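Below: one structure, written as structure tokens.
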Amino acid sequence: QVQLVESGGGSVQPGGSLTLSCVASGIAFSQYAIIWYRQAPGQQRESVASITSFGSTRYDDSVKGRFTISRDNAKSTGYLQMNDLKPEDTAVYYCYCLDTVRNYWGQGTQVTVSS
């Protein structure tokens, strides 16, 4: 059974930091790309950052320079380090893993940035 379990969300003040984790089980994690998405209330889900199985990364302009995506294949875990958080970063963050054939979503973790 495939599972993606996110953790690390929470409430922080503007300028604060959080690190999200996505632990995968039931898949050959190293062969999968990881994309972090987020969805704010009333908004469409949007991609934030991605990392390929080879380690190449991409970022949405809204988070470039503040967020860092990474992966530890030995732990089957993906990370999203978020610094200098802003109120507009408030959303549910989802981990999405995919290869050429299959794709899986995590359940999401809430991030709230508020003073």
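Order determines the names: the first chain of the structure tokens is A, the second B, and so forth; residues in each chain are numbered 1 upward, and ligands are numbered 1 upward as they are shown.
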
Segment 45-54 of chain A environment, 6 Å, only C-alpha atoms, sequence neighbours closer than 6 positions dropped, as a list of chain:residue names: A:Ser30, A:Gln31, A:Tyr32, A:Ala33, A:Ile34, A:Ile35, A:Trp36, A:Tyr37, A:Arg38, A:Gln39, A:Asp60

Got time to write the residues from that selection, N, CA, C and O atoms, as a PDB file, in the first residue's frame?
ATOM      1  N   SER A  30      13.217   6.723  -4.789  1.00  0.00           N
ATOM      2  CA  SER A  30      14.298   7.397  -5.508  1.00  0.00           C
ATOM      3  C   SER A  30      13.982   7.583  -6.988  1.00  0.00           C
ATOM      4  O   SER A  30      14.602   8.416  -7.651  1.00  0.00           O
ATOM      5  N   GLN A  31      13.040   6.824  -7.507  1.00  0.00           N
ATOM      6  CA  GLN A  31      12.695   6.903  -8.925  1.00  0.00           C
ATOM      7  C   GLN A  31      11.591   7.923  -9.208  1.00  0.00           C
ATOM      8  O   GLN A  31      11.224   8.118 -10.366  1.00  0.00           O
ATOM      9  N   TYR A  32      11.081   8.542  -8.163  1.00  0.00           N
ATOM     10  CA  TYR A  32       9.961   9.452  -8.305  1.00  0.00           C
ATOM     11  C   TYR A  32      10.398  10.916  -8.191  1.00  0.00           C
ATOM     12  O   TYR A  32      11.252  11.259  -7.371  1.00  0.00           O
ATOM     13  N   ALA A  33       9.785  11.745  -9.005  1.00  0.00           N
ATOM     14  CA  ALA A  33       9.895  13.182  -8.796  1.00  0.00           C
ATOM     15  C   ALA A  33       8.942  13.578  -7.672  1.00  0.00           C
ATOM     16  O   ALA A  33       7.944  12.903  -7.412  1.00  0.00           O
ATOM     17  N   ILE A  34       9.251  14.683  -7.033  1.00  0.00           N
ATOM     18  CA  ILE A  34       8.406  15.209  -5.955  1.00  0.00           C
ATOM     19  C   ILE A  34       8.000  16.629  -6.316  1.00  0.00           C
ATOM     20  O   ILE A  34       8.839  17.435  -6.724  1.00  0.00           O
ATOM     21  N   ILE A  35       6.739  16.898  -6.169  1.00  0.00           N
ATOM     22  CA  ILE A  35       6.241  18.262  -6.340  1.00  0.00           C
ATOM     23  C   ILE A  35       5.473  18.628  -5.085  1.00  0.00           C
ATOM     24  O   ILE A  35       4.619  17.869  -4.634  1.00  0.00           O
ATOM     25  N   TRP A  36       5.773  19.792  -4.545  1.00  0.00           N
ATOM     26  CA  TRP A  36       4.974  20.344  -3.451  1.00  0.00           C
ATOM     27  C   TRP A  36       3.960  21.302  -4.064  1.00  0.00           C
ATOM     28  O   TRP A  36       4.328  22.206  -4.822  1.00  0.00           O
ATOM     29  N   TYR A  37       2.704  21.082  -3.712  1.00  0.00           N
ATOM     30  CA  TYR A  37       1.603  21.955  -4.109  1.00  0.00           C
ATOM     31  C   TYR A  37       1.039  22.631  -2.864  1.00  0.00           C
ATOM     32  O   TYR A  37       1.248  22.171  -1.744  1.00  0.00           O
ATOM     33  N   ARG A  38       0.303  23.702  -3.101  1.00  0.00           N
ATOM     34  CA  ARG A  38      -0.443  24.302  -2.004  1.00  0.00           C
ATOM     35  C   ARG A  38      -1.793  24.787  -2.528  1.00  0.00           C
ATOM     36  O   ARG A  38      -1.948  25.081  -3.710  1.00  0.00           O
ATOM     37  N   GLN A  39      -2.731  24.838  -1.596  1.00  0.00           N
ATOM     38  CA  GLN A  39      -4.071  25.300  -1.940  1.00  0.00           C
ATOM     39  C   GLN A  39      -4.597  26.175  -0.825  1.00  0.00           C
ATOM     40  O   GLN A  39      -4.791  25.708   0.299  1.00  0.00           O
ATOM     41  N   ASP A  60       8.392  28.053  -8.041  1.00  0.00           N
ATOM     42  CA  ASP A  60       7.507  29.108  -8.500  1.00  0.00           C
ATOM     43  C   ASP A  60       8.137  30.447  -8.113  1.00  0.00           C
ATOM     44  O   ASP A  60       8.804  30.555  -7.074  1.00  0.00           O
TER      45      ASP A  60
END

What are the closest atom pairs, with distances in Å to one decimal, for each residue of segment 50-98 of chain A lying within 7 Å of segment 18-25 of chain A, using only C-alpha atoms, rows by chain and rising residue number, as CSV?
residue,atom,partner,partner_atom,distance
A:Ser76,CA,A:Ala24,CA,5.5
A:Thr77,CA,A:Val23,CA,4.4
A:Gly78,CA,A:Cys22,CA,5.0
A:Tyr79,CA,A:Ser21,CA,4.6
A:Leu80,CA,A:Leu20,CA,5.0
A:Gln81,CA,A:Thr19,CA,4.3
A:Met82,CA,A:Leu18,CA,5.2
A:Asn83,CA,A:Leu18,CA,6.7
A:Cys95,CA,A:Cys22,CA,6.3

DSSP helix (DSSP H, G or I) selection over segment 4-107 of chain A, as a compact mmCIF listing (two decimals) with C-alpha atoms, in the first residue's frame:
# COMPACT_ATOMS: atom_id res chain seq x y z
CA PHE A 29 10.99 6.59 -3.82
CA SER A 30 14.30 7.40 -5.51
CA GLN A 31 12.70 6.90 -8.92
CA ASN A 73 16.27 8.89 -0.79
CA ALA A 74 17.73 6.76 2.01
CA LYS A 75 14.87 7.92 4.23
CA PRO A 87 0.63 35.66 5.07
CA GLU A 88 0.06 34.79 1.41
CA ASP A 89 1.87 31.50 1.99

Nearest candidate to Ser17 of chain A (options A:Thr68, A:Gln44, A:Thr57, A:Asn103; using only C-alpha atoms): A:Thr68

A:Gly42, A:Gly65, A:Gly55, A:Gly108 ranked by distance to Glu6 of chain A, top pick (using only C-alpha atoms): A:Gly108

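Interatomic distance, atom CA of Val113 of chain A against atom CA of Gln13 of chain A: 5.4 Å.
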
Residues within 12 Å of Ser11 of chain A, only C-alpha atoms, excluding chain neighbours under 3 positions, as number ranges by chain: A: 8, 14-19, 85-87, 89-92, 109-115

Residues of the last selection are to be written out with all heavy atoms, as a compact mmCIF listing (two decimals), in the first residue's frame.
# COMPACT_ATOMS: atom_id res chain seq x y z
N GLY A 8 4.89 18.69 9.65
CA GLY A 8 5.69 19.89 9.80
C GLY A 8 4.93 21.19 9.65
O GLY A 8 5.50 22.26 9.85
N PRO A 14 4.69 36.11 10.45
CA PRO A 14 5.42 36.51 9.23
C PRO A 14 6.92 36.61 9.51
O PRO A 14 7.33 37.10 10.57
CB PRO A 14 4.82 37.88 8.91
CG PRO A 14 3.44 37.81 9.47
CD PRO A 14 3.55 36.99 10.73
N GLY A 15 7.69 36.13 8.56
CA GLY A 15 9.13 36.09 8.73
C GLY A 15 9.64 34.80 9.34
O GLY A 15 10.85 34.56 9.36
N GLY A 16 8.74 33.97 9.80
CA GLY A 16 9.13 32.72 10.43
C GLY A 16 9.46 31.64 9.42
O GLY A 16 9.39 31.84 8.19
N SER A 17 9.81 30.47 9.95
CA SER A 17 10.24 29.34 9.11
C SER A 17 9.54 28.07 9.53
O SER A 17 9.18 27.89 10.71
CB SER A 17 11.76 29.13 9.24
OG SER A 17 12.48 30.26 8.79
N LEU A 18 9.35 27.20 8.57
CA LEU A 18 8.85 25.85 8.80
C LEU A 18 9.53 24.91 7.81
O LEU A 18 9.89 25.33 6.71
CB LEU A 18 7.34 25.76 8.59
CG LEU A 18 6.41 26.39 9.64
CD1 LEU A 18 4.97 26.36 9.13
CD2 LEU A 18 6.51 25.67 10.96
N THR A 19 9.65 23.66 8.21
CA THR A 19 10.13 22.63 7.29
C THR A 19 9.08 21.53 7.20
O THR A 19 8.73 20.92 8.23
CB THR A 19 11.47 22.04 7.75
OG1 THR A 19 12.46 23.06 7.79
CG2 THR A 19 11.91 20.96 6.78
N LEU A 85 8.46 33.40 5.80
CA LEU A 85 7.07 33.13 5.43
C LEU A 85 6.22 34.38 5.47
O LEU A 85 6.43 35.27 6.32
CB LEU A 85 6.49 32.05 6.35
CG LEU A 85 6.95 30.63 6.01
CD1 LEU A 85 6.74 29.70 7.20
CD2 LEU A 85 6.21 30.12 4.79
N LYS A 86 5.27 34.44 4.56
CA LYS A 86 4.38 35.59 4.41
C LYS A 86 2.93 35.14 4.57
O LYS A 86 2.63 33.97 4.34
CB LYS A 86 4.59 36.22 3.03
CG LYS A 86 6.02 36.61 2.76
CD LYS A 86 6.19 37.20 1.37
CE LYS A 86 7.65 37.58 1.14
NZ LYS A 86 7.85 38.28 -0.13
N PRO A 87 2.04 36.04 4.93
CA PRO A 87 0.63 35.66 5.07
C PRO A 87 0.08 34.99 3.81
O PRO A 87 -0.76 34.08 3.92
CB PRO A 87 -0.06 36.99 5.35
CG PRO A 87 0.98 37.81 6.04
CD PRO A 87 2.27 37.44 5.36
N ASP A 89 1.44 32.90 2.05
CA ASP A 89 1.87 31.50 1.99
C ASP A 89 0.90 30.58 2.72
O ASP A 89 1.04 29.35 2.68
CB ASP A 89 3.27 31.33 2.60
CG ASP A 89 4.34 32.05 1.82
OD1 ASP A 89 4.31 32.00 0.57
OD2 ASP A 89 5.22 32.67 2.46
N THR A 90 -0.06 31.14 3.40
CA THR A 90 -1.05 30.35 4.13
C THR A 90 -1.83 29.47 3.17
O THR A 90 -2.42 29.94 2.19
CB THR A 90 -2.02 31.27 4.88
OG1 THR A 90 -1.30 31.99 5.89
CG2 THR A 90 -3.13 30.48 5.54
N ALA A 91 -1.82 28.17 3.44
CA ALA A 91 -2.46 27.20 2.56
C ALA A 91 -2.30 25.81 3.16
O ALA A 91 -1.55 25.62 4.12
CB ALA A 91 -1.85 27.23 1.16
N VAL A 92 -3.00 24.86 2.56
CA VAL A 92 -2.71 23.46 2.81
C VAL A 92 -1.66 23.04 1.80
O VAL A 92 -1.82 23.28 0.59
CB VAL A 92 -3.97 22.58 2.68
CG1 VAL A 92 -3.61 21.10 2.90
CG2 VAL A 92 -5.03 23.02 3.68
N THR A 109 -0.89 19.18 4.72
CA THR A 109 -0.58 19.73 6.04
C THR A 109 -0.81 21.24 5.99
O THR A 109 -0.43 21.90 5.03
CB THR A 109 0.85 19.38 6.47
OG1 THR A 109 1.08 19.82 7.81
CG2 THR A 109 1.91 19.99 5.56
N GLN A 110 -1.46 21.76 7.03
CA GLN A 110 -1.85 23.17 7.05
C GLN A 110 -0.68 24.05 7.48
O GLN A 110 -0.01 23.77 8.48
CB GLN A 110 -3.03 23.37 8.00
CG GLN A 110 -3.46 24.82 8.17
CD GLN A 110 -4.12 25.39 6.94
OE1 GLN A 110 -5.00 24.75 6.34
NE2 GLN A 110 -3.73 26.61 6.55
N VAL A 111 -0.47 25.11 6.73
CA VAL A 111 0.49 26.15 7.10
C VAL A 111 -0.27 27.46 7.21
O VAL A 111 -0.96 27.87 6.27
CB VAL A 111 1.62 26.27 6.05
CG1 VAL A 111 2.49 27.49 6.35
CG2 VAL A 111 2.45 25.01 6.02
N THR A 112 -0.16 28.10 8.36
CA THR A 112 -0.83 29.37 8.59
C THR A 112 0.20 30.40 9.01
O THR A 112 0.95 30.19 9.97
CB THR A 112 -1.91 29.23 9.68
OG1 THR A 112 -2.86 28.23 9.28
CG2 THR A 112 -2.64 30.55 9.88
N VAL A 113 0.23 31.50 8.29
CA VAL A 113 1.17 32.59 8.58
C VAL A 113 0.35 33.82 8.96
O VAL A 113 -0.37 34.38 8.13
CB VAL A 113 2.08 32.89 7.38
CG1 VAL A 113 3.12 33.94 7.78
CG2 VAL A 113 2.73 31.63 6.87
N SER A 114 0.46 34.20 10.21
CA SER A 114 -0.37 35.29 10.71
C SER A 114 0.30 35.93 11.91
O SER A 114 0.94 35.26 12.71
CB SER A 114 -1.75 34.77 11.09
OG SER A 114 -2.52 35.78 11.70
N SER A 115 0.10 37.24 12.04
CA SER A 115 0.60 37.94 13.21
C SER A 115 -0.48 38.02 14.28
O SER A 115 -0.24 38.55 15.37
CB SER A 115 1.07 39.34 12.82
OG SER A 115 0.05 40.05 12.17

Pick from A:Val12, A:Val63, A:Ala40, A:Val2, whichever lies nearest to Arg102 of chain A using only C-alpha atoms: A:Val2

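Nearest residue to Cys97 of chain A, choosing from A:Ser62, A:Gln1, A:Gly10, A:Ala28 and counting only C-alpha atoms: A:Ala28.
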
Those in segment 7-82 of chain A with strand (DSSP E) from DSSP, as a ChimeraX atom specification: /A:7,10-12,18-25,33-39,46-51,57-59,67-72,77-82

Based on the selection just made, write N, CA, C and O atoms of those residues as a compact mmCIF listing (two decimals), in the first residue's frame.
# COMPACT_ATOMS: atom_id res chain seq x y z
N SER A 7 4.12 16.16 7.17
CA SER A 7 4.13 16.70 8.53
C SER A 7 4.94 17.99 8.53
O SER A 7 5.60 18.32 7.53
N GLY A 10 2.05 24.13 10.55
CA GLY A 10 1.73 24.78 11.80
C GLY A 10 1.43 26.25 11.58
O GLY A 10 1.23 26.69 10.46
N SER A 11 1.42 26.97 12.69
CA SER A 11 1.15 28.41 12.66
C SER A 11 2.42 29.16 13.02
O SER A 11 3.06 28.84 14.04
N VAL A 12 2.76 30.14 12.19
CA VAL A 12 3.94 30.95 12.46
C VAL A 12 3.64 32.40 12.16
O VAL A 12 2.69 32.72 11.43
N LEU A 18 9.35 27.20 8.57
CA LEU A 18 8.85 25.85 8.80
C LEU A 18 9.53 24.91 7.81
O LEU A 18 9.89 25.33 6.71
N THR A 19 9.65 23.66 8.21
CA THR A 19 10.13 22.63 7.29
C THR A 19 9.08 21.53 7.20
O THR A 19 8.73 20.92 8.23
N LEU A 20 8.58 21.32 6.02
CA LEU A 20 7.62 20.26 5.77
C LEU A 20 8.35 18.99 5.36
O LEU A 20 9.37 19.05 4.66
N SER A 21 7.82 17.86 5.79
CA SER A 21 8.37 16.56 5.40
C SER A 21 7.30 15.73 4.74
O SER A 21 6.11 15.85 5.06
N CYS A 22 7.72 14.88 3.83
CA CYS A 22 6.82 13.96 3.13
C CYS A 22 7.50 12.59 3.14
O CYS A 22 8.49 12.39 2.42
N VAL A 23 7.00 11.70 3.97
CA VAL A 23 7.56 10.36 4.08
C VAL A 23 6.76 9.41 3.21
O VAL A 23 5.55 9.29 3.37
N ALA A 24 7.45 8.72 2.31
CA ALA A 24 6.80 7.81 1.38
C ALA A 24 7.03 6.37 1.78
O ALA A 24 8.10 6.01 2.28
N SER A 25 6.04 5.56 1.54
CA SER A 25 6.18 4.12 1.74
C SER A 25 5.43 3.41 0.62
O SER A 25 4.45 3.93 0.08
N ALA A 33 9.78 11.75 -9.00
CA ALA A 33 9.89 13.18 -8.80
C ALA A 33 8.94 13.58 -7.67
O ALA A 33 7.94 12.90 -7.41
N ILE A 34 9.25 14.68 -7.03
CA ILE A 34 8.41 15.21 -5.96
C ILE A 34 8.00 16.63 -6.32
O ILE A 34 8.84 17.44 -6.72
N ILE A 35 6.74 16.90 -6.17
CA ILE A 35 6.24 18.26 -6.34
C ILE A 35 5.47 18.63 -5.08
O ILE A 35 4.62 17.87 -4.63
N TRP A 36 5.77 19.79 -4.55
CA TRP A 36 4.97 20.34 -3.45
C TRP A 36 3.96 21.30 -4.06
O TRP A 36 4.33 22.21 -4.82
N TYR A 37 2.70 21.08 -3.71
CA TYR A 37 1.60 21.96 -4.11
C TYR A 37 1.04 22.63 -2.86
O TYR A 37 1.25 22.17 -1.74
N ARG A 38 0.30 23.70 -3.10
CA ARG A 38 -0.44 24.30 -2.00
C ARG A 38 -1.79 24.79 -2.53
O ARG A 38 -1.95 25.08 -3.71
N GLN A 39 -2.73 24.84 -1.60
CA GLN A 39 -4.07 25.30 -1.94
C GLN A 39 -4.60 26.17 -0.82
O GLN A 39 -4.79 25.71 0.30
N GLU A 46 -1.88 24.97 -6.54
CA GLU A 46 -0.79 25.44 -7.38
C GLU A 46 0.52 24.77 -6.97
O GLU A 46 0.73 24.48 -5.78
N SER A 47 1.38 24.56 -7.94
CA SER A 47 2.68 23.98 -7.62
C SER A 47 3.59 25.05 -7.05
O SER A 47 3.53 26.21 -7.43
N VAL A 48 4.41 24.63 -6.11
CA VAL A 48 5.31 25.54 -5.41
C VAL A 48 6.76 25.25 -5.77
O VAL A 48 7.52 26.16 -6.07
N ALA A 49 7.12 23.96 -5.72
CA ALA A 49 8.50 23.57 -5.98
C ALA A 49 8.51 22.11 -6.40
O ALA A 49 7.63 21.34 -6.02
N SER A 50 9.54 21.76 -7.15
CA SER A 50 9.67 20.38 -7.60
C SER A 50 11.12 19.96 -7.60
O SER A 50 12.04 20.79 -7.70
N ILE A 51 11.31 18.64 -7.48
CA ILE A 51 12.65 18.07 -7.55
C ILE A 51 12.54 16.74 -8.30
O ILE A 51 11.67 15.92 -8.00
N THR A 57 15.97 20.94 -9.42
CA THR A 57 14.89 21.65 -8.71
C THR A 57 14.34 22.81 -9.53
O THR A 57 15.04 23.39 -10.38
N ARG A 58 13.08 23.12 -9.27
CA ARG A 58 12.42 24.29 -9.85
C ARG A 58 11.51 24.89 -8.80
O ARG A 58 10.97 24.18 -7.94
N TYR A 59 11.33 26.22 -8.90
CA TYR A 59 10.52 26.93 -7.94
C TYR A 59 9.57 27.90 -8.64
O TYR A 59 9.93 28.50 -9.65
N PHE A 67 12.06 29.40 -0.33
CA PHE A 67 11.78 27.97 -0.12
C PHE A 67 12.89 27.14 -0.75
O PHE A 67 13.44 27.51 -1.80
N THR A 68 13.17 26.01 -0.12
CA THR A 68 14.15 25.07 -0.66
C THR A 68 13.56 23.66 -0.61
O THR A 68 13.15 23.19 0.46
N ILE A 69 13.54 23.01 -1.76
CA ILE A 69 13.07 21.63 -1.83
C ILE A 69 14.28 20.70 -1.84
O ILE A 69 15.31 21.02 -2.44
N SER A 70 14.13 19.57 -1.16
CA SER A 70 15.23 18.61 -1.12
C SER A 70 14.64 17.21 -0.91
O SER A 70 13.44 17.06 -0.67
N ARG A 71 15.52 16.23 -0.96
CA ARG A 71 15.07 14.86 -0.76
C ARG A 71 16.19 14.04 -0.15
O ARG A 71 17.38 14.33 -0.35
N ASP A 72 15.79 13.04 0.62
CA ASP A 72 16.73 12.07 1.18
C ASP A 72 16.20 10.70 0.78
O ASP A 72 15.28 10.16 1.41
N THR A 77 12.16 10.33 1.98
CA THR A 77 11.54 11.55 2.49
C THR A 77 11.88 12.75 1.62
O THR A 77 13.05 12.91 1.22
N GLY A 78 10.88 13.54 1.35
CA GLY A 78 11.07 14.81 0.69
C GLY A 78 10.84 15.94 1.68
O GLY A 78 10.08 15.79 2.65
N TYR A 79 11.48 17.07 1.43
CA TYR A 79 11.40 18.20 2.35
C TYR A 79 11.08 19.48 1.59
O TYR A 79 11.43 19.64 0.42
N LEU A 80 10.44 20.39 2.31
CA LEU A 80 10.27 21.75 1.82
C LEU A 80 10.61 22.68 2.97
O LEU A 80 9.83 22.84 3.91
N GLN A 81 11.78 23.28 2.88
CA GLN A 81 12.22 24.27 3.86
C GLN A 81 11.64 25.62 3.45
O GLN A 81 11.87 26.08 2.33
N MET A 82 10.90 26.24 4.34
CA MET A 82 10.22 27.50 4.03
C MET A 82 10.71 28.57 4.99
O MET A 82 10.51 28.46 6.22
